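Data block for protein29.cif (mmCIF, C-alpha atoms):
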```
data_work
#
loop_
_atom_site.label_atom_id
_atom_site.label_comp_id
_atom_site.auth_asym_id
_atom_site.auth_seq_id
_atom_site.Cartn_x
_atom_site.Cartn_y
_atom_site.Cartn_z
CA MET A 1 -60.26 9.08 -4.30
CA THR A 2 -57.57 7.45 -6.32
CA GLU A 3 -57.66 3.82 -7.32
CA THR A 4 -54.96 3.06 -4.72
CA GLU A 5 -57.10 4.50 -1.91
CA ASN A 6 -60.17 2.53 -3.04
CA ARG A 7 -58.56 -0.90 -3.30
CA ARG A 8 -59.07 -3.53 -0.66
CA ILE A 9 -56.16 -4.34 1.61
CA PRO A 10 -55.34 -8.07 1.49
CA ALA A 11 -55.78 -9.99 4.73
CA HIS A 12 -52.08 -10.83 5.07
CA VAL A 13 -51.20 -7.12 4.73
CA ALA A 14 -53.88 -6.17 7.27
CA ASP A 15 -52.46 -8.75 9.68
CA ALA A 16 -48.90 -7.49 9.19
CA VAL A 17 -49.91 -3.85 9.66
CA THR A 18 -51.94 -4.82 12.76
CA ALA A 19 -48.87 -6.50 14.23
CA LEU A 20 -46.77 -3.43 13.42
CA TYR A 21 -49.44 -1.23 14.99
CA ARG A 22 -49.46 -3.25 18.21
CA ALA A 23 -45.67 -3.16 18.41
CA THR A 24 -45.13 0.53 17.61
CA TYR A 25 -48.33 2.50 18.27
CA ARG A 26 -47.24 4.14 21.52
CA ASP A 27 -43.90 5.21 20.07
CA ILE A 28 -45.52 6.66 16.93
CA LEU A 29 -48.24 8.39 18.97
CA ARG A 30 -45.62 9.92 21.28
CA PHE A 31 -43.77 11.25 18.22
CA ALA A 32 -46.99 12.60 16.66
CA THR A 33 -47.93 14.29 19.95
CA MET A 34 -44.62 16.15 19.87
CA LEU A 35 -45.51 17.41 16.37
CA ALA A 36 -49.14 18.32 16.79
CA ASP A 37 -51.86 18.95 19.34
CA ARG A 38 -52.95 15.98 21.42
CA SER A 39 -56.24 16.01 19.53
CA ASP A 40 -54.55 15.87 16.10
CA ALA A 41 -51.86 13.29 16.93
CA PRO A 42 -54.10 10.20 16.65
CA ASP A 43 -55.18 11.31 13.18
CA LEU A 44 -51.54 11.58 12.10
CA VAL A 45 -50.87 8.09 13.43
CA GLN A 46 -53.95 6.69 11.70
CA HIS A 47 -52.88 8.29 8.43
CA ALA A 48 -49.37 6.82 8.74
CA PHE A 49 -50.62 3.28 9.35
CA HIS A 50 -53.13 3.62 6.53
CA GLN A 51 -50.34 4.67 4.17
CA ALA A 52 -48.25 1.75 5.42
CA ALA A 53 -51.06 -0.64 4.51
CA LEU A 54 -51.40 0.91 1.06
CA THR A 55 -47.65 0.69 0.37
CA TRP A 56 -46.89 -2.48 2.32
CA ASP A 57 -44.84 -3.95 -0.56
CA GLU A 58 -42.29 -1.21 0.15
CA VAL A 59 -42.72 -0.77 3.91
CA GLY A 60 -42.99 -4.45 4.80
CA THR A 61 -39.52 -5.25 3.44
CA ARG A 62 -37.85 -2.89 5.93
CA PRO A 63 -36.58 -3.93 9.35
CA LEU A 64 -38.70 -2.82 12.33
CA ASP A 65 -36.62 0.30 13.02
CA GLY A 66 -36.91 1.23 9.34
CA GLN A 67 -40.68 0.80 9.50
CA VAL A 68 -40.83 3.01 12.59
CA ALA A 69 -38.74 5.66 10.84
CA TRP A 70 -41.02 5.45 7.79
CA LEU A 71 -44.15 5.85 9.94
CA LYS A 72 -42.65 8.87 11.74
CA THR A 73 -41.71 10.43 8.40
CA VAL A 74 -45.27 9.99 7.13
CA CYS A 75 -46.62 11.57 10.34
CA HIS A 76 -44.26 14.51 9.89
CA HIS A 77 -45.20 15.00 6.23
CA LYS A 78 -48.91 14.85 7.02
CA HIS A 79 -48.45 17.36 9.83
CA VAL A 80 -46.66 19.75 7.45
CA ASP A 81 -49.44 19.25 4.88
CA ASN A 82 -52.02 20.08 7.56
CA ILE A 83 -50.15 23.27 8.48
CA ARG A 84 -49.96 24.29 4.82
CA ARG A 85 -53.66 23.56 4.33
CA ASP A 86 -54.63 25.52 7.43
CA THR A 87 -52.45 28.44 6.37
CA THR A 88 -53.92 28.34 2.90
CA PHE A 89 -57.48 28.36 4.16
CA ASP A 90 -56.70 31.15 6.62
CA LYS A 91 -55.41 33.20 3.69
CA LEU A 92 -58.44 32.20 1.63
CA ARG A 93 -60.72 33.35 4.46
CA VAL A 94 -59.07 36.80 4.38
CA ASP A 95 -59.22 36.94 0.56
CA VAL A 96 -62.90 36.01 0.47
CA CYS A 97 -63.75 38.55 3.19
CA GLU A 98 -61.89 41.24 1.26
CA PHE A 99 -63.70 40.27 -1.93
CA TYR A 100 -67.13 40.36 -0.35
CA THR A 101 -66.55 43.38 1.84
CA THR A 102 -67.23 46.60 -0.05
CA ALA A 103 -67.56 48.81 3.01
CA PRO A 104 -65.21 47.57 5.72
CA HIS A 105 -67.11 49.35 8.49
CA ASP A 106 -70.58 48.32 7.38
CA PRO A 107 -71.55 45.58 9.86
CA ALA A 108 -74.21 44.16 7.53
CA THR A 109 -71.73 43.72 4.68
CA VAL A 110 -69.12 42.16 6.95
CA THR A 111 -71.76 39.82 8.36
CA VAL A 112 -72.84 38.77 4.87
CA ALA A 113 -69.20 38.23 3.86
CA ARG A 114 -68.58 36.04 6.88
CA ALA A 115 -71.77 34.07 6.27
CA ALA A 116 -70.78 33.61 2.61
CA LEU A 117 -67.33 32.42 3.60
CA ASP A 118 -68.69 30.02 6.22
CA ARG A 119 -71.18 28.61 3.74
CA CYS A 120 -68.52 28.37 1.05
CA TRP A 121 -66.17 26.51 3.39
CA ALA A 122 -68.96 24.18 4.55
CA ALA A 123 -69.91 23.47 0.93
CA ILE A 124 -66.31 22.67 0.01
CA GLN A 125 -65.88 20.42 3.07
CA ALA A 126 -69.15 18.57 2.26
CA MET A 127 -68.17 17.87 -1.35
CA PRO A 128 -67.35 14.30 -2.27
CA THR A 129 -63.59 13.71 -2.01
CA ALA A 130 -62.96 13.64 -5.77
CA GLN A 131 -64.95 16.84 -6.33
CA ARG A 132 -63.26 18.65 -3.43
CA THR A 133 -59.81 17.54 -4.59
CA VAL A 134 -60.39 18.80 -8.13
CA ALA A 135 -61.84 22.09 -6.84
CA VAL A 136 -58.91 22.79 -4.52
CA LEU A 137 -56.31 21.82 -7.14
CA THR A 138 -58.00 24.13 -9.64
CA TRP A 139 -58.94 27.11 -7.49
CA HIS A 140 -56.11 27.08 -5.02
CA GLN A 141 -53.21 25.45 -6.84
CA GLY A 142 -54.12 26.91 -10.25
CA LEU A 143 -53.70 23.59 -12.07
CA ASP A 144 -55.45 22.98 -15.38
CA PRO A 145 -57.61 19.91 -16.03
CA ALA A 146 -54.84 18.05 -17.87
CA GLU A 147 -52.41 18.49 -14.96
CA ILE A 148 -55.03 17.42 -12.43
CA ALA A 149 -56.02 14.43 -14.54
CA ALA A 150 -52.41 13.29 -14.80
CA SER A 151 -51.78 13.65 -11.06
CA LEU A 152 -55.00 11.87 -10.03
CA GLY A 153 -54.98 9.22 -12.75
CA ILE A 154 -58.35 10.23 -14.22
CA SER A 155 -59.39 11.73 -17.54
CA PRO A 156 -59.46 15.52 -18.17
CA ALA A 157 -63.18 15.17 -18.96
CA THR A 158 -63.78 13.71 -15.50
CA VAL A 159 -61.87 16.64 -14.00
CA ARG A 160 -64.04 19.13 -15.91
CA VAL A 161 -67.24 17.35 -14.81
CA GLN A 162 -66.13 17.36 -11.14
CA LEU A 163 -65.19 21.04 -11.36
CA HIS A 164 -68.53 21.89 -12.98
CA ARG A 165 -70.38 20.07 -10.18
CA ALA A 166 -68.29 21.88 -7.56
CA ARG A 167 -69.15 25.26 -9.11
CA LEU A 168 -72.85 24.40 -9.22
CA ARG A 169 -72.76 23.33 -5.59
CA LEU A 170 -71.09 26.57 -4.50
CA GLU A 171 -73.51 28.63 -6.58
CA ARG A 172 -76.43 26.76 -5.04
CA GLU A 173 -75.18 27.07 -1.46
CA VAL A 174 -73.53 30.50 -1.52
CA GLY A 175 -75.18 32.21 -4.49
CA GLU A 176 -77.80 34.18 -2.57
CA LEU A 177 -75.06 35.66 -0.37
CA ARG A 178 -73.15 37.25 -3.25
CA PRO A 179 -72.85 41.02 -2.75
CA GLU A 180 -74.92 42.00 -5.80
CA THR A 181 -77.70 39.61 -4.73
CA THR A 182 -77.89 40.89 -1.16
CA THR A 183 -77.67 44.53 -2.32
CA ASN A 184 -80.56 43.97 -4.72
CA LYS A 185 -82.61 42.33 -1.95
CA ARG A 186 -82.02 45.29 0.37
CA LYS A 187 -82.96 47.78 -2.37
CA ALA A 188 -86.14 45.84 -3.14
CA SER A 189 -87.23 45.88 0.51
#
```
Hey, can you dump this file as structure tokens for me?
Amino acid sequence: MTETENRRIPAHVADAVTALYRATYRDILRFATMLADRSDAPDLVQHAFHQAALTWDEVGTRPLDGQVAWLKTVCHHKHVDNIRRDTTFDKLRVDVCEFYTTAPHDPATVTVARAALDRCWAAIQAMPTAQRTVAVLTWHQGLDPAEIAASLGISPATVRVQLHRARLRLEREVGELRPETTTNKRKAS
């Protein structure tokens, strides 16, 4: 998490955002429901109000209709980010299956590939936020530690430590499902 996300929200800001929430929640939720599934819409709204609290110095100076527009824009951007993330992980799922599948019609190999992918995804999801962020920016976005450090406001050494920990975690949780490991186990049996 960045320093901005970790800071405490002052009481006067919390009160102002609460008042905005009470005045506009239904309108923002209706908008979010038009963008996303009913189950995802409340998360979009929550994200928008959280961002409003974090950037209240900017948002709080706007008139009410400007604040509503800002909240809707944040909902829309978060929805687009979610679509991109889902698309990316769908592609990653295919890529990982292709990588682990040596014989496409061998049910055992396909099963191992799916188990490896599921474990890999679960391990990534369970990582602490900072570790997961660094891992995704490195492995998916292809950024180097200096770029990640600059964008997250941390040192390149911290990025490298987080990436190292992410690799160790994946090795620990997915390692035994690597193709060469499972092949060797089958040969030994």
Distance criterion (all atoms listed in the file): nearest to A:Met127 out of A:Pro107, A:Val159, A:Ile154, A:Arg167: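 Using all atoms listed in the file, A:Met127 sits closest to A:Arg167.
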Counting all atoms listed in the file, the residue of A:Ala53, A:Val45, A:Ala113, A:Leu163 that sits nearest A:Leu71: A:Val45
Edge lengths and centre, in Å to one decimal, as AutoDock Vina command-line options: that's what I need for the box along x, y and z that holds all listed atoms of stretch 142-159 of chain A plus 3 Å on each side.
```
--center_x -57.8 --center_y 18.1 --center_z -14.5 --size_x 18.0 --size_y 23.7 --size_z 14.9
```
Selection dump of the PyMOL selection byres ((chain A and resi 138-146) around 9), as a ChimeraX atom specification: /A:88,92,133-137,147-151,155-160,163
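If you look at atom CA of A:His77 and atom CA of A:Ala23, they are 21.9 Å away from each other.
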Distance query 9 Å from (-42.3, 5.7, 12.9) using only C-alpha atoms, result as a PyMOL selection string: chain A and resi 24-25+27-29+31+45+48+65-75
